[in-house]
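Written below as structure tokens is the structure these notes are about.
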Amino acid sequence: MTVAMSDLAARLKAGTTITAEDTLAVRRIVWPDGAIDPAEAEAIFDLNAAVKSSAREWVDFFVEAMKNYVVDQQAPVGYVDEAKAAWLIQCTDSDGRVDTLGELELLVEILESATNAPDSLKSYALAQICGAVLSGTGPTRDGGALDPGSINATEVALLRRLLYAQASDGPAMISAAEADMLFALKDATLGAANAPEWQNFFVQAVGNHLMAHSDYRPLAREQAAHLDAFMNDTHVSVGGFLMRMGQSGLTGGFLQAFAARPPQVDHMAAVAADQAITPDELSWLKARIDADGGFDPLEKALIAFVSAESGQAIPLSEPSAGAPVVPVAEIGRAPASPGLVIGPRTGGGLNS
């Protein structure tokens with residue numbers, strides 16, 4: 001880090017706010033070449049934590065610069081490594097909170113822009129966003145606000161971005177941990193003045209966890225590194241490159257990345273299998289519904305949605321007189337209609 005940046009950071013931390021002009025001064029010093037070195041990254045994070053009031057321009061710069069440092073400034077680009085993830089978690093926790101205007105947005109944008117990230121960062125981001133939605137206050141980067149005690153439209157949008165981010169806990173899918181978080185948020189905000197969007201999002205996201213199918217799996221970081229090395233090797237023949245890889249013990253991972261795809265499975269059968277509600281999924285759903293000791297409107301909407309989409313009667317609702325109830329043993333049969341499919345590299349699924 002340059003002396004100029006050290007002096008500027010000290011001056012800004014002595015004040016009460018970072019203005020647009022201050023932001024431009026920092027940008028000119030640390031980012032003339034589009035790269036942030038480790039010392040500069042530490043200084044930017046420290047400055048963001050020290051000054052409690054900042055202009056929108058600072059928030060934009062902070063998120064842009066830190067995202068570039070964490071996601072793009074290593075090989076392979078787009079894969080957050082364990083060291084960067086640990087650094088980000090340590091910096092974010094240094095002041096005992098997630099900064100609403102910067103750090104919260106940074107966590108979401110990193111998972112949106114990265115191809116993959118360590119499980120430690122995914123779990124940390126999930127916990128921080130959950131905490132922010134439940135108890136956070138103040139404005140967000142997009143002009144909305146966090147509202148403690150209830151879930152407003154801004155918070156639904158934030159949750160949607162996180163859960164369907166490319167590098168989230170379940171890429172293009174809702175994982176078990178994410179579905180558990182949604183149930184925890186639901187139970188904590190029952191009876192509150194929640195946004196209408198909340199019920200729709202809760203129902204569709206949990207339905208995604210239970211029924212959606214995806215063929216997309218990101219490459220492991222090691223495989224992506226092998227591909228990156230191959231694409232950047234312009235000095236020798238492919239044969240020579242493969243020979244050196246074999247000598248270095250990297251051939252296995254490289255060949256796995258380039259190996260011929262196995263024979264295609266029956267796609268519609270795979271979709272139907274994922275769409276069907278299995279006994280294990282039914283047990284998971286029953287445990288979550290029973291956890292709050294009631295059967296609330298969101299849970300009723302969820303059961304109705306899952307029953308309609310899966311083609312199965314789910315025996316967890318309050319059946320009307322004469323309504324047939326499918327025995328538990330029959331849960332998991334092949335559904336009658338096409339499944340919910342998520343294509344490669346999409347953030348869709350049951351996300352409306």
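Residues are named by chain letter and number: chains run A, B, ... in the order of the structure tokens, numbers start at 1 in each chain, and ligands are numbered from 1 in the order shown.
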Write out as a ChimeraX atom specification which residues come within 8 Å of stretch 196-206 of chain A when counting only C-alpha atoms, dropping same-chain ones fewer than 3 positions away. /A:151-153,156,160,174,179,182,209-210,298-299,301-302,305,350-352
Store the residues picked out above in a file with all heavy atoms, as a compact mmCIF listing (two decimals), in the first residue's frame.
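selection.txt, freshly written:
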```txt
# COMPACT_ATOMS: atom_id res chain seq x y z
N ILE A 151 -40.85 -9.16 7.04
CA ILE A 151 -40.12 -9.33 5.78
C ILE A 151 -40.79 -8.46 4.73
O ILE A 151 -41.94 -8.71 4.35
CB ILE A 151 -40.10 -10.81 5.34
CG1 ILE A 151 -39.44 -11.66 6.43
CG2 ILE A 151 -39.37 -10.97 4.02
CD1 ILE A 151 -39.39 -13.15 6.10
N ASN A 152 -40.08 -7.43 4.28
CA ASN A 152 -40.66 -6.54 3.29
C ASN A 152 -40.19 -6.92 1.88
O ASN A 152 -39.43 -7.87 1.69
CB ASN A 152 -40.33 -5.08 3.61
CG ASN A 152 -38.83 -4.80 3.60
OD1 ASN A 152 -38.06 -5.41 2.86
ND2 ASN A 152 -38.40 -3.86 4.44
N ALA A 153 -40.66 -6.19 0.88
CA ALA A 153 -40.36 -6.53 -0.51
C ALA A 153 -38.87 -6.44 -0.80
O ALA A 153 -38.33 -7.26 -1.57
CB ALA A 153 -41.13 -5.60 -1.44
N VAL A 156 -37.30 -9.62 0.52
CA VAL A 156 -37.61 -10.75 -0.35
C VAL A 156 -36.69 -10.74 -1.57
O VAL A 156 -36.15 -11.78 -1.97
CB VAL A 156 -39.08 -10.72 -0.80
CG1 VAL A 156 -39.35 -11.79 -1.86
CG2 VAL A 156 -40.01 -10.94 0.39
N ARG A 160 -34.04 -13.61 -2.60
CA ARG A 160 -34.12 -14.22 -3.92
C ARG A 160 -32.76 -14.19 -4.62
O ARG A 160 -32.32 -15.17 -5.22
CB ARG A 160 -35.17 -13.48 -4.76
CG ARG A 160 -35.49 -14.17 -6.09
CD ARG A 160 -36.42 -13.30 -6.93
NE ARG A 160 -37.65 -12.99 -6.24
CZ ARG A 160 -38.71 -13.78 -6.20
NH1 ARG A 160 -38.67 -14.95 -6.82
NH2 ARG A 160 -39.80 -13.42 -5.57
N ILE A 174 -32.45 -24.82 -4.58
CA ILE A 174 -32.57 -24.47 -3.16
C ILE A 174 -32.09 -25.67 -2.36
O ILE A 174 -32.67 -26.77 -2.45
CB ILE A 174 -34.02 -24.12 -2.78
CG1 ILE A 174 -34.51 -22.94 -3.63
CG2 ILE A 174 -34.11 -23.79 -1.30
CD1 ILE A 174 -33.71 -21.66 -3.46
N ALA A 179 -33.53 -24.08 2.53
CA ALA A 179 -34.94 -24.33 2.84
C ALA A 179 -35.18 -24.25 4.35
O ALA A 179 -36.21 -23.71 4.80
CB ALA A 179 -35.37 -25.69 2.30
N LEU A 182 -35.45 -20.66 5.27
CA LEU A 182 -36.74 -20.08 4.91
C LEU A 182 -37.81 -20.44 5.94
O LEU A 182 -38.63 -19.58 6.31
CB LEU A 182 -37.15 -20.56 3.52
CG LEU A 182 -36.32 -20.00 2.37
CD1 LEU A 182 -36.68 -20.69 1.05
CD2 LEU A 182 -36.50 -18.50 2.23
N HIS A 209 -36.83 -26.77 -3.63
CA HIS A 209 -36.00 -27.73 -2.89
C HIS A 209 -36.56 -29.15 -2.99
O HIS A 209 -35.81 -30.11 -3.14
CB HIS A 209 -35.91 -27.31 -1.43
CG HIS A 209 -35.31 -28.36 -0.54
ND1 HIS A 209 -34.01 -28.79 -0.69
CD2 HIS A 209 -35.85 -29.09 0.48
CE1 HIS A 209 -33.76 -29.74 0.22
NE2 HIS A 209 -34.86 -29.93 0.94
N LEU A 210 -37.87 -29.26 -2.92
CA LEU A 210 -38.48 -30.59 -2.90
C LEU A 210 -38.61 -31.22 -4.28
O LEU A 210 -38.53 -32.45 -4.40
CB LEU A 210 -39.87 -30.50 -2.26
CG LEU A 210 -39.92 -30.18 -0.77
CD1 LEU A 210 -41.35 -29.85 -0.34
CD2 LEU A 210 -39.35 -31.33 0.05
N LEU A 298 -48.96 -20.04 5.27
CA LEU A 298 -47.88 -20.28 4.33
C LEU A 298 -47.64 -21.78 4.14
O LEU A 298 -47.35 -22.23 3.03
CB LEU A 298 -46.59 -19.59 4.79
CG LEU A 298 -46.43 -18.12 4.40
CD1 LEU A 298 -47.33 -17.24 5.25
CD2 LEU A 298 -44.99 -17.66 4.51
N GLU A 299 -47.76 -22.53 5.23
CA GLU A 299 -47.59 -23.99 5.13
C GLU A 299 -48.73 -24.60 4.32
O GLU A 299 -48.52 -25.52 3.53
CB GLU A 299 -47.50 -24.59 6.52
CG GLU A 299 -46.23 -24.19 7.25
CD GLU A 299 -46.25 -24.55 8.73
OE1 GLU A 299 -47.34 -24.82 9.26
OE2 GLU A 299 -45.17 -24.53 9.35
N ALA A 301 -50.39 -23.11 1.95
CA ALA A 301 -50.14 -22.75 0.55
C ALA A 301 -49.04 -23.63 -0.03
O ALA A 301 -49.10 -24.04 -1.21
CB ALA A 301 -49.75 -21.27 0.46
N LEU A 302 -48.02 -23.93 0.78
CA LEU A 302 -46.93 -24.79 0.32
C LEU A 302 -47.44 -26.19 0.00
O LEU A 302 -47.11 -26.76 -1.05
CB LEU A 302 -45.84 -24.85 1.38
CG LEU A 302 -44.71 -25.86 1.13
CD1 LEU A 302 -43.95 -25.50 -0.14
CD2 LEU A 302 -43.76 -25.89 2.34
N PHE A 305 -49.39 -26.17 -3.19
CA PHE A 305 -48.52 -26.01 -4.35
C PHE A 305 -47.78 -27.30 -4.68
O PHE A 305 -47.73 -27.73 -5.84
CB PHE A 305 -47.52 -24.89 -4.06
CG PHE A 305 -46.53 -24.66 -5.16
CD1 PHE A 305 -46.88 -23.98 -6.32
CD2 PHE A 305 -45.22 -25.10 -5.04
CE1 PHE A 305 -45.97 -23.76 -7.34
CE2 PHE A 305 -44.29 -24.89 -6.04
CZ PHE A 305 -44.67 -24.21 -7.20
N LEU A 350 -38.15 -22.33 -9.59
CA LEU A 350 -39.43 -21.84 -9.11
C LEU A 350 -39.30 -20.40 -8.65
O LEU A 350 -39.83 -19.99 -7.63
CB LEU A 350 -39.91 -22.72 -7.95
CG LEU A 350 -40.14 -24.18 -8.34
CD1 LEU A 350 -40.51 -24.97 -7.10
CD2 LEU A 350 -41.22 -24.30 -9.37
N ASN A 351 -38.57 -19.63 -9.41
CA ASN A 351 -38.26 -18.26 -9.03
C ASN A 351 -39.03 -17.33 -9.95
O ASN A 351 -38.65 -17.16 -11.10
CB ASN A 351 -36.76 -18.04 -9.16
CG ASN A 351 -36.35 -16.66 -8.77
OD1 ASN A 351 -37.12 -15.92 -8.18
ND2 ASN A 351 -35.12 -16.29 -9.07
N SER A 352 -40.10 -16.72 -9.48
CA SER A 352 -40.89 -15.87 -10.34
C SER A 352 -40.69 -14.42 -10.00
O SER A 352 -40.23 -14.10 -8.94
CB SER A 352 -42.38 -16.20 -10.20
OG SER A 352 -42.83 -15.92 -8.88
```
Residue nearest A:Ala83 - candidates A:Gln166, A:Ser307, A:Thr19, A:Ser120, atoms counted: only C-alpha atoms: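 Distance minimum relative to A:Ala83 lands on A:Ser120.
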What gap, in Å, lies between atom CA of A:Leu190 and atom CA of A:Gly293?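 Atom-to-atom, atom CA of A:Leu190 and atom CA of A:Gly293 are spaced 12.3 Å apart.
If you measure from each of A:Asp147, A:Asp93, A:Glu64, A:Asp290 to A:Tyr124 using only C-alpha atoms, the closest one turns out to be A:Asp93.
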I'd like the contact shell of A:Ala125 - 9 Å cut-off, only C-alpha atoms, skipping same-chain residues fewer than 6 positions apart - returned as a list in words.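 The neighbour list is Ile89, Leu104, Leu107, Val108, Leu111, Leu162 and Ser168 of chain A.
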Could you please take those selected residues and save all heavy atoms as a PDB file, in the first residue's frame?
```pdb
ATOM      1  N   ILE A  89     -14.477 -13.430   5.395  1.00  0.00           N
ATOM      2  CA  ILE A  89     -15.243 -13.676   6.621  1.00  0.00           C
ATOM      3  C   ILE A  89     -14.604 -12.957   7.804  1.00  0.00           C
ATOM      4  O   ILE A  89     -15.292 -12.330   8.621  1.00  0.00           O
ATOM      5  CB  ILE A  89     -15.343 -15.188   6.886  1.00  0.00           C
ATOM      6  CG1 ILE A  89     -16.200 -15.857   5.809  1.00  0.00           C
ATOM      7  CG2 ILE A  89     -15.913 -15.465   8.271  1.00  0.00           C
ATOM      8  CD1 ILE A  89     -16.185 -17.368   5.856  1.00  0.00           C
ATOM      9  N   LEU A 104     -23.165  -6.331   3.351  1.00  0.00           N
ATOM     10  CA  LEU A 104     -24.313  -7.166   3.015  1.00  0.00           C
ATOM     11  C   LEU A 104     -24.430  -7.329   1.503  1.00  0.00           C
ATOM     12  O   LEU A 104     -24.577  -8.442   0.979  1.00  0.00           O
ATOM     13  CB  LEU A 104     -25.585  -6.530   3.584  1.00  0.00           C
ATOM     14  CG  LEU A 104     -26.880  -7.323   3.467  1.00  0.00           C
ATOM     15  CD1 LEU A 104     -26.796  -8.607   4.268  1.00  0.00           C
ATOM     16  CD2 LEU A 104     -28.053  -6.477   3.954  1.00  0.00           C
ATOM     17  N   LEU A 107     -21.526  -9.582   0.054  1.00  0.00           N
ATOM     18  CA  LEU A 107     -21.710 -11.026   0.178  1.00  0.00           C
ATOM     19  C   LEU A 107     -22.613 -11.561  -0.930  1.00  0.00           C
ATOM     20  O   LEU A 107     -22.324 -12.588  -1.548  1.00  0.00           O
ATOM     21  CB  LEU A 107     -22.312 -11.362   1.547  1.00  0.00           C
ATOM     22  CG  LEU A 107     -21.393 -11.212   2.751  1.00  0.00           C
ATOM     23  CD1 LEU A 107     -22.195 -11.408   4.044  1.00  0.00           C
ATOM     24  CD2 LEU A 107     -20.238 -12.195   2.699  1.00  0.00           C
ATOM     25  N   VAL A 108     -23.712 -10.858  -1.204  1.00  0.00           N
ATOM     26  CA  VAL A 108     -24.646 -11.310  -2.227  1.00  0.00           C
ATOM     27  C   VAL A 108     -24.008 -11.226  -3.613  1.00  0.00           C
ATOM     28  O   VAL A 108     -24.088 -12.172  -4.415  1.00  0.00           O
ATOM     29  CB  VAL A 108     -25.950 -10.494  -2.178  1.00  0.00           C
ATOM     30  CG1 VAL A 108     -26.881 -10.897  -3.315  1.00  0.00           C
ATOM     31  CG2 VAL A 108     -26.653 -10.692  -0.843  1.00  0.00           C
ATOM     32  N   LEU A 111     -21.444 -14.010  -4.432  1.00  0.00           N
ATOM     33  CA  LEU A 111     -22.058 -15.292  -4.774  1.00  0.00           C
ATOM     34  C   LEU A 111     -22.811 -15.215  -6.102  1.00  0.00           C
ATOM     35  O   LEU A 111     -22.957 -16.225  -6.793  1.00  0.00           O
ATOM     36  CB  LEU A 111     -22.995 -15.742  -3.662  1.00  0.00           C
ATOM     37  CG  LEU A 111     -22.301 -16.086  -2.336  1.00  0.00           C
ATOM     38  CD1 LEU A 111     -23.312 -16.534  -1.295  1.00  0.00           C
ATOM     39  CD2 LEU A 111     -21.237 -17.157  -2.528  1.00  0.00           C
ATOM     40  N   LEU A 162     -29.787 -14.022  -3.230  1.00  0.00           N
ATOM     41  CA  LEU A 162     -28.838 -14.910  -2.568  1.00  0.00           C
ATOM     42  C   LEU A 162     -29.112 -16.371  -2.888  1.00  0.00           C
ATOM     43  O   LEU A 162     -28.208 -17.114  -3.272  1.00  0.00           O
ATOM     44  CB  LEU A 162     -28.892 -14.703  -1.059  1.00  0.00           C
ATOM     45  CG  LEU A 162     -28.026 -15.677  -0.241  1.00  0.00           C
ATOM     46  CD1 LEU A 162     -26.550 -15.388  -0.460  1.00  0.00           C
ATOM     47  CD2 LEU A 162     -28.361 -15.614   1.233  1.00  0.00           C
ATOM     48  N   SER A 168     -24.311 -19.928  -4.932  1.00  0.00           N
ATOM     49  CA  SER A 168     -24.982 -20.099  -3.649  1.00  0.00           C
ATOM     50  C   SER A 168     -24.823 -21.529  -3.156  1.00  0.00           C
ATOM     51  O   SER A 168     -24.198 -22.374  -3.800  1.00  0.00           O
ATOM     52  CB  SER A 168     -26.465 -19.748  -3.779  1.00  0.00           C
ATOM     53  OG  SER A 168     -27.113 -20.658  -4.666  1.00  0.00           O
TER      54      SER A 168
END
```
Name the residues in contact with A:Ala117 at a cut-off of 8 Å, using only C-alpha atoms, excluding same-chain residues fewer than 2 positions from it; report them as a list in words. Tyr79, Val80, Asp81, Ala85, Leu111, Ala114, Thr115, Asp119, Leu121, Lys122, Ala167 and Ser168 of chain A
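The space between atom CA of A:Arg27 and atom CA of A:Val77 spans 22.3 Å.
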For stretch 137-139 of chain A, find every residue with an atom within 8 Å (counting only C-alpha atoms), except residues of its own chain fewer than 3 positions away, and show them as an MDAnalysis selection string. chainID A and resid 100:101 132 143:148
Members of stretch 90-194 of chain A assigned alpha helix (DSSP H) by DSSP, as a ChimeraX atom specification: /A:90-93,103-113,119-135,153-163,176-188
Name the closest residue to A:Val133 among the candidates A:Leu185, A:Ser175, A:Ala10, A:Gln90; distances are taken between atoms, counting only C-alpha atoms.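 The closest residue to A:Val133 is A:Leu185.
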Report the distance between atom CA of A:Asp99 and atom CA of A:Gly191 in Å, rounded to one decimal place.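 That distance, rounded to one decimal, is 27.9 Å.
Between A:Glu40 and the candidates A:Thr23, A:Ser6, A:Gln73, A:Ser54, the tightest atom-to-atom separation, counting only C-alpha atoms, involves A:Ser6.
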Can you list every residue in stretch 8-161 of chain A that DSSP puts in strand (DSSP E or B), as a list in words? Thr17, Ile18, Ser53, Ser54, Tyr79, Asn116, Gly138, Pro139, Ala145 and Leu146 of chain A
